[in-house]
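Quick look at start-v3.cif (mmCIF, C-alpha atoms):
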```cif
data_data
loop_
_atom_site.label_atom_id
_atom_site.label_comp_id
_atom_site.auth_asym_id
_atom_site.auth_seq_id
_atom_site.Cartn_x
_atom_site.Cartn_y
_atom_site.Cartn_z
CA MET A 25 0.00 0.00 0.00
CA LYS A 26 1.26 3.46 -0.85
CA ILE A 27 0.06 6.94 -0.02
CA SER A 28 -0.64 8.30 -3.49
CA MET A 29 -2.75 11.32 -2.60
CA THR A 30 -3.65 13.52 0.29
CA SER A 31 -5.73 16.68 0.34
CA VAL A 32 -6.25 20.10 1.83
CA PHE A 33 -9.49 22.06 1.69
CA VAL A 34 -9.21 25.37 -0.15
CA ASN A 35 -11.59 28.33 -0.19
CA ASP A 36 -11.20 29.03 -3.90
CA GLN A 37 -9.69 26.39 -6.18
CA ARG A 38 -8.40 28.82 -8.84
CA ALA A 39 -6.71 31.05 -6.24
CA ALA A 40 -5.33 27.92 -4.56
CA HIS A 41 -3.97 26.65 -7.87
CA ALA A 42 -2.16 29.96 -8.38
CA PHE A 43 -0.68 29.93 -4.87
CA TYR A 44 0.40 26.29 -4.90
CA THR A 45 2.04 26.57 -8.35
CA ASP A 46 3.24 30.19 -8.75
CA VAL A 47 4.26 30.79 -5.14
CA LEU A 48 5.10 27.37 -3.69
CA GLY A 49 6.42 26.01 -7.00
CA PHE A 50 4.39 22.80 -7.33
CA GLU A 51 3.31 21.48 -10.73
CA THR A 52 -0.20 20.81 -11.97
CA ARG A 53 -0.95 17.08 -12.27
CA HIS A 54 -4.71 17.08 -12.87
CA ASP A 55 -7.04 19.99 -13.56
CA LEU A 56 -10.38 18.61 -14.74
CA PRO A 57 -13.72 20.40 -14.44
CA ILE A 58 -16.33 18.48 -12.43
CA GLY A 59 -19.58 20.40 -12.30
CA ASP A 60 -18.77 23.78 -10.76
CA ASP A 61 -15.55 22.46 -9.22
CA PHE A 62 -12.33 20.87 -10.41
CA TRP A 63 -10.39 17.69 -9.87
CA LEU A 64 -7.26 19.66 -9.11
CA THR A 65 -4.02 18.06 -7.97
CA VAL A 66 -0.39 19.18 -7.78
CA THR A 67 2.92 17.39 -7.27
CA SER A 68 6.39 18.51 -6.32
CA PRO A 69 8.89 18.91 -9.20
CA GLU A 70 11.39 17.28 -6.84
CA ALA A 71 9.18 14.16 -6.68
CA PRO A 72 6.99 14.01 -9.81
CA GLU A 73 6.00 10.41 -9.06
CA GLY A 74 5.42 11.21 -5.42
CA PRO A 75 2.08 11.80 -3.73
CA GLU A 76 -0.40 14.21 -5.27
CA LEU A 77 -1.94 16.96 -3.21
CA LEU A 78 -5.64 17.42 -3.96
CA LEU A 79 -6.85 21.02 -3.59
CA GLU A 80 -10.35 20.20 -2.50
CA PRO A 81 -13.35 22.59 -2.41
CA ALA A 82 -14.18 23.73 1.13
CA GLY A 83 -17.95 23.91 0.61
CA HIS A 84 -19.01 21.35 3.21
CA PRO A 85 -20.44 23.16 6.28
CA ALA A 86 -18.18 21.22 8.65
CA VAL A 87 -15.02 22.58 7.02
CA LYS A 88 -15.23 26.16 8.26
CA PRO A 89 -15.60 25.51 12.01
CA TYR A 90 -12.97 22.75 11.79
CA ARG A 91 -10.42 24.95 10.05
CA ASP A 92 -11.24 28.11 12.05
CA ALA A 93 -10.51 26.28 15.30
CA LEU A 94 -7.21 24.86 14.04
CA MET A 95 -6.17 28.18 12.51
CA GLU A 96 -6.84 30.01 15.79
CA ASP A 97 -4.49 27.66 17.66
CA GLY A 98 -1.86 27.80 14.90
CA ILE A 99 -2.15 24.11 13.97
CA PRO A 100 -0.93 23.22 10.46
CA LEU A 101 -2.90 20.86 8.22
CA ALA A 102 -0.05 19.62 6.05
CA GLN A 103 3.72 19.43 6.18
CA PHE A 104 6.17 19.88 3.31
CA SER A 105 9.87 19.15 3.57
CA VAL A 106 12.55 21.51 2.29
CA GLU A 107 16.32 21.32 1.92
CA ASP A 108 17.02 24.81 3.26
CA ILE A 109 14.30 26.28 5.44
CA GLU A 110 15.98 29.67 5.94
CA ALA A 111 16.20 30.12 2.16
CA GLU A 112 12.52 29.14 1.72
CA TYR A 113 11.50 31.42 4.59
CA ALA A 114 13.29 34.34 2.92
CA ARG A 115 11.96 33.49 -0.56
CA LEU A 116 8.33 33.07 0.54
CA SER A 117 8.38 36.09 2.87
CA GLY A 118 9.67 38.12 -0.09
CA LEU A 119 6.62 36.97 -2.07
CA GLY A 120 4.32 38.24 0.69
CA VAL A 121 3.63 34.90 2.40
CA VAL A 122 2.73 35.37 6.07
CA PHE A 123 4.40 33.09 8.61
CA THR A 124 2.74 32.42 11.97
CA GLN A 125 5.99 30.82 13.12
CA PRO A 126 9.47 31.68 11.81
CA PRO A 127 12.08 28.92 11.48
CA THR A 128 12.34 27.31 14.91
CA ASP A 129 14.82 24.66 16.01
CA ILE A 130 12.98 21.70 17.53
CA GLY A 131 15.97 19.39 17.89
CA GLU A 132 15.38 16.82 15.13
CA GLY A 133 14.80 19.54 12.60
CA ILE A 134 13.84 23.13 11.99
CA VAL A 135 10.18 23.99 11.41
CA ALA A 136 8.23 27.03 10.29
CA VAL A 137 4.49 27.60 9.71
CA PHE A 138 2.85 29.78 7.05
CA ASP A 139 -0.66 30.74 5.93
CA ASP A 140 -1.46 29.28 2.48
CA THR A 141 -4.06 32.06 1.83
CA CYS A 142 -6.62 29.31 1.14
CA GLY A 143 -7.65 28.77 4.76
CA ASN A 144 -4.84 26.51 5.99
CA LEU A 145 -1.61 26.70 7.89
CA ILE A 146 1.23 24.64 6.40
CA GLN A 147 4.35 23.51 8.22
CA LEU A 148 7.73 23.42 6.53
CA ILE A 149 10.43 21.17 7.94
CA GLU A 150 14.13 20.85 7.28
CA MET A 151 15.33 17.63 8.87
CA LYS A 152 18.81 17.71 10.34
CA PRO A 153 21.26 15.07 9.11
CA GLU A 154 21.29 12.10 11.47
CA ALA A 155 24.22 12.40 13.84
CA MET B 13 -1.31 39.84 43.56
CA ALA B 14 -2.04 36.31 44.85
CA ASP B 15 -2.75 35.35 41.22
CA ILE B 16 0.84 36.13 40.23
CA PHE B 17 2.31 33.78 42.82
CA ARG B 18 -0.15 31.03 41.99
CA ALA B 19 0.66 31.44 38.29
CA LEU B 20 4.40 31.27 38.91
CA ASP B 21 4.16 28.29 41.25
CA ASP B 22 4.47 25.72 38.47
CA GLU B 23 7.51 24.66 36.46
CA THR B 24 5.58 24.23 33.18
CA ARG B 25 4.19 27.75 33.43
CA ARG B 26 7.66 29.10 34.19
CA LEU B 27 8.99 27.29 31.10
CA ILE B 28 6.20 28.83 28.99
CA LEU B 29 7.26 32.28 30.23
CA ASP B 30 10.92 31.44 29.48
CA ASP B 31 10.02 30.52 25.90
CA LEU B 32 7.83 33.57 25.37
CA SER B 33 10.48 35.90 26.76
CA ALA B 34 12.99 34.31 24.35
CA ARG B 35 10.62 34.68 21.39
CA ASP B 36 7.44 36.63 21.97
CA GLY B 37 4.20 36.07 20.06
CA GLN B 38 3.62 32.32 19.76
CA THR B 39 0.56 30.28 18.81
CA LEU B 40 -0.69 27.47 21.02
CA PHE B 41 0.71 25.02 18.45
CA GLU B 42 4.19 26.51 18.71
CA ILE B 43 4.12 26.52 22.52
CA CYS B 44 3.03 22.86 22.51
CA THR B 45 5.82 21.99 20.04
CA MET B 46 8.43 23.69 22.23
CA MET B 47 7.20 21.95 25.39
CA ALA B 48 7.33 18.55 23.70
CA MET B 49 10.42 18.86 21.53
CA ARG B 50 12.69 21.28 23.35
CA HIS B 51 11.75 20.56 26.94
CA GLY B 52 10.81 16.90 26.50
CA LEU B 53 7.54 17.27 28.40
CA SER B 54 4.65 14.96 27.55
CA ILE B 55 1.76 17.26 28.23
CA THR B 56 -1.53 17.57 26.40
CA ARG B 57 -2.59 20.57 24.38
CA GLN B 58 -5.57 20.96 26.72
CA ALA B 59 -3.27 21.13 29.75
CA ILE B 60 -1.06 23.75 28.08
CA SER B 61 -4.16 25.71 27.18
CA GLN B 62 -5.19 25.67 30.85
CA HIS B 63 -1.72 26.82 31.93
CA LEU B 64 -1.97 29.69 29.46
CA GLY B 65 -5.39 30.57 30.90
CA ILE B 66 -3.91 30.83 34.40
CA LEU B 67 -1.00 32.96 33.14
CA GLU B 68 -3.44 35.16 31.26
CA SER B 69 -5.74 35.69 34.25
CA ALA B 70 -2.68 36.72 36.29
CA GLY B 71 -1.84 39.24 33.57
CA LEU B 72 1.51 37.57 32.82
CA VAL B 73 0.42 36.56 29.32
CA VAL B 74 -1.65 38.62 26.93
CA THR B 75 -3.13 37.39 23.66
CA GLU B 76 -3.71 39.10 20.37
CA LYS B 77 -5.57 37.90 17.31
CA ARG B 78 -3.51 38.55 14.17
CA GLY B 79 -5.12 37.43 10.97
CA ARG B 80 -7.09 34.37 12.05
CA SER B 81 -4.56 33.03 14.57
CA LYS B 82 -4.14 33.84 18.24
CA PHE B 83 -0.68 34.80 19.52
CA HIS B 84 0.55 34.79 23.13
CA TYR B 85 2.87 37.44 24.53
CA PHE B 86 4.78 37.65 27.82
CA ASN B 87 3.73 40.65 29.90
CA PRO B 88 6.25 41.29 32.69
CA GLY B 89 4.18 44.18 34.10
CA PRO B 90 2.73 42.31 37.10
CA LEU B 91 6.22 41.17 38.16
CA ALA B 92 7.08 44.81 38.86
CA GLU B 93 4.45 44.76 41.63
CA ILE B 94 6.62 42.28 43.51
CA ASN B 95 9.59 44.60 43.36
CA GLU B 96 7.46 47.57 44.35
CA ARG B 97 6.17 45.77 47.42
CA TRP B 98 9.58 44.48 48.50
CA PRO B 99 12.06 46.82 46.85
CA HIS B 100 15.61 45.62 46.50
CA GLN B 101 17.82 47.79 48.70
CA LYS B 102 21.49 48.01 47.95
CA GLU B 103 23.77 47.80 50.93
CA THR B 104 25.79 50.95 51.35
#
```
Could the structure of this file be written out as structure tokens, please?
Amino acid sequence: MKISMTSVFVNDQRAAHAFYTDVLGFETRHDLPIGDDFWLTVTSPEAPEGPELLLEPAGHPAVKPYRDALMEDGIPLAQFSVEDIEAEYARLSGLGVVFTQPPTDIGEGIVAVFDDTCGNLIQLIEMKPEA
Amino acid sequence: MADIFRALDDETRRLILDDLSARDGQTLFEICTMMAMRHGLSITRQAISQHLGILESAGLVVTEKRGRSKFHYFNPGPLAEINERWPHQKET
């Protein structure tokens, strides 16, 4: 069994597509209209055969209270790994991305948390080489 | 003033104040991460939330909503009351 896809809810799929590709740098894998919505997935150029991230419409009434509560407490809904977190922090901040937590050493790695502008917080992690 | 002493009479709450004074303005998630990863404490998010409530009611922590997240700040103001009540006198 493999994890081939995971998802985050997004307020607006077109705006989410722009953020996840233009700002974060992911690549479009699927973008198919389904009714008023889209089957919209992205992958990392560093792992084109890796898991797809589905940018899923947030229309269900349970989504808002669920995400509002997590957002208030600063809890991220997905985690992406990076080679150099300070460089990503500088690059994304320069593009206007808002971080709720700057790069923070937690021992095993360095983490940071940003707002994806689509209703989610996302954690970045740079793992330290194993000693 | 009793609230200040009650709030300070707990090692976890003192660690929370240490972390906030080192880097002010943290979400609950970040405080929980620091307690678990940096201080090696196994403590639930609910318990940390209660500790923050006690610190907040003593005025040692204040919160501010920025965007849609809530951030916690260390407020040393009430600690000055201790010094005012028992001022440190230098020996001459």
Need to verify the contact set: region 125-138 of chain A, 6 Å, all atoms listed in the file, exclusion of same-chain residues closer than 2 positions in sequence. Can you return it as a PDB file with C-alpha atoms, keeping the file's coordinate frame?
```pdb
ATOM      1  CA  VAL A 122       2.730  35.370   6.070  1.00  0.00           C
ATOM      2  CA  PHE A 123       4.400  33.090   8.610  1.00  0.00           C
ATOM      3  CA  LEU A 145      -1.610  26.700   7.890  1.00  0.00           C
ATOM      4  CA  ILE A 146       1.230  24.640   6.400  1.00  0.00           C
ATOM      5  CA  GLN A 147       4.350  23.510   8.220  1.00  0.00           C
ATOM      6  CA  LEU A 148       7.730  23.420   6.530  1.00  0.00           C
ATOM      7  CA  ILE A 149      10.430  21.170   7.940  1.00  0.00           C
ATOM      8  CA  GLU A 150      14.130  20.850   7.280  1.00  0.00           C
ATOM      9  CA  MET A 151      15.330  17.630   8.870  1.00  0.00           C
ATOM     10  CA  LYS A 152      18.810  17.710  10.340  1.00  0.00           C
TER      11      LYS A 152
ATOM     12  CA  MET B  49      10.420  18.860  21.530  1.00  0.00           C
ATOM     13  CA  ARG B  50      12.690  21.280  23.350  1.00  0.00           C
TER      14      ARG B  50
END
```
Closest atom pairs, residues of chain A within 8 Å of chain B, all atoms listed in the file, as a tab-separated table:
```
residue	atom	partner	partner_atom	distance
A:Asp92	CA	B:Arg80	CA	7.5
A:Met95	CA	B:Ser81	CA	5.5
A:Glu96	CA	B:Ser81	CA	4.0
A:Asp97	CA	B:Leu40	CA	5.1
A:Gly98	CA	B:Phe41	CA	5.2
A:Ile99	CA	B:Phe41	CA	5.4
A:Thr124	CA	B:Thr39	CA	7.5
A:Gln125	CA	B:Gln38	CA	7.2
A:Ile130	CA	B:Met49	CA	5.5
A:Gly131	CA	B:Arg50	CA	6.6
```
Write the residues of the selection above to a file with C-alpha atoms, as a PDB file, keeping the file's coordinate frame.
```pdb
ATOM      1  CA  ASP A  92     -11.240  28.110  12.050  1.00  0.00           C
ATOM      2  CA  MET A  95      -6.170  28.180  12.510  1.00  0.00           C
ATOM      3  CA  GLU A  96      -6.840  30.010  15.790  1.00  0.00           C
ATOM      4  CA  ASP A  97      -4.490  27.660  17.660  1.00  0.00           C
ATOM      5  CA  GLY A  98      -1.860  27.800  14.900  1.00  0.00           C
ATOM      6  CA  ILE A  99      -2.150  24.110  13.970  1.00  0.00           C
ATOM      7  CA  THR A 124       2.740  32.420  11.970  1.00  0.00           C
ATOM      8  CA  GLN A 125       5.990  30.820  13.120  1.00  0.00           C
ATOM      9  CA  ILE A 130      12.980  21.700  17.530  1.00  0.00           C
ATOM     10  CA  GLY A 131      15.970  19.390  17.890  1.00  0.00           C
TER      11      GLY A 131
END
```
Open item on the list: So that I can see what lies close to Arg53 (chain A), please list as a PyMOL selection string the residues with an atom at most 9 Å from it, counting only C-alpha atoms and leaving out residues fewer than 5 positions away in the same chain.
Closed with: chain A and resi 64-67+72+76
- [ ] Report as a list in words the residues that result from applying the PyMOL selection byres ((chain A and resi 55) around 12) to the structure here.
- [x]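 So the PyMOL selection byres ((chain A and resi 55) around 12) ends up selecting Gln37, Arg38, His41, Glu51, Thr52, Arg53, His54, Leu56, Pro57, Ile58, Asp61, Phe62, Trp63, Leu64, Thr65, Val66, Leu77, Leu78, Leu79 and Glu80 of chain A.
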Task: Separation of CA of Leu67 (chain B) from CA of Ala19 (chain B) in Å - done: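 Going from CA of Ala19 (chain B) over to CA of Leu67 (chain B), I get 5.6 Å.
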Open item on the list: Evaluate the PyMOL selection byres ((chain B and resi 86) around 7) against this structure - the residues, as a PyMOL selection string, please.
Closed with: chain B and resi 29+32-33+36+72-74+84-85+87-88
- [ ] For each of A:Pro100, A:Lys88, A:Tyr44, A:Gly74, take the minimum atom-to-atom distance to Leu116 (chain A), counting only C-alpha atoms, then give the residue where this is smallest.
- [x]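 Nearest candidate to Leu116 (chain A) out of A:Pro100, A:Lys88, A:Tyr44, A:Gly74: A:Tyr44.
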TODO: Rounded to one decimal place, report the CA of Pro90 (chain B)-CA of Thr24 (chain B) distance in Å.
DONE: 18.7 Å
Task: Two-atom distance - CA of Asn95 (chain B), CA of Glu23 (chain B) (Å) - done: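 According to the coordinates, CA of Asn95 (chain B) and CA of Glu23 (chain B) are separated by 21.2 Å.
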TODO: Find the residue from A:Asp60, A:Glu73, A:Asp139, A:Asp46 that sits nearest to Lys26 (chain A); use all atoms listed in the file when measuring.
DONE: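 Among the listed residues, A:Glu73 lies closest to Lys26 (chain A).
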Open item on the list: Residue by residue, what does the PyMOL selection byres ((chain B and resi 13) around 10) grab here? Present the result as a VMD selection string.
Closed with: chain B and resid 14 to 18 70 90 to 91 93 to 94
Report, as AutoDock Vina command-line options, the centre and edge lengths in Å (one decimal) of the axis-aligned box enclosing every listed atom of region 54-67 of chain B, padded by 4 Å on each side.
```
--center_x -0.5 --center_y 24.0 --center_z 29.4 --size_x 18.2 --size_y 26.0 --size_z 18.0
```
Task: Point (-12.5, 29.6, -1.7) neighbourhood (8 Å, only C-alpha atoms) written as an MDAnalysis selection string - done: chainID A and resid 34:37 39:40 81:82 142
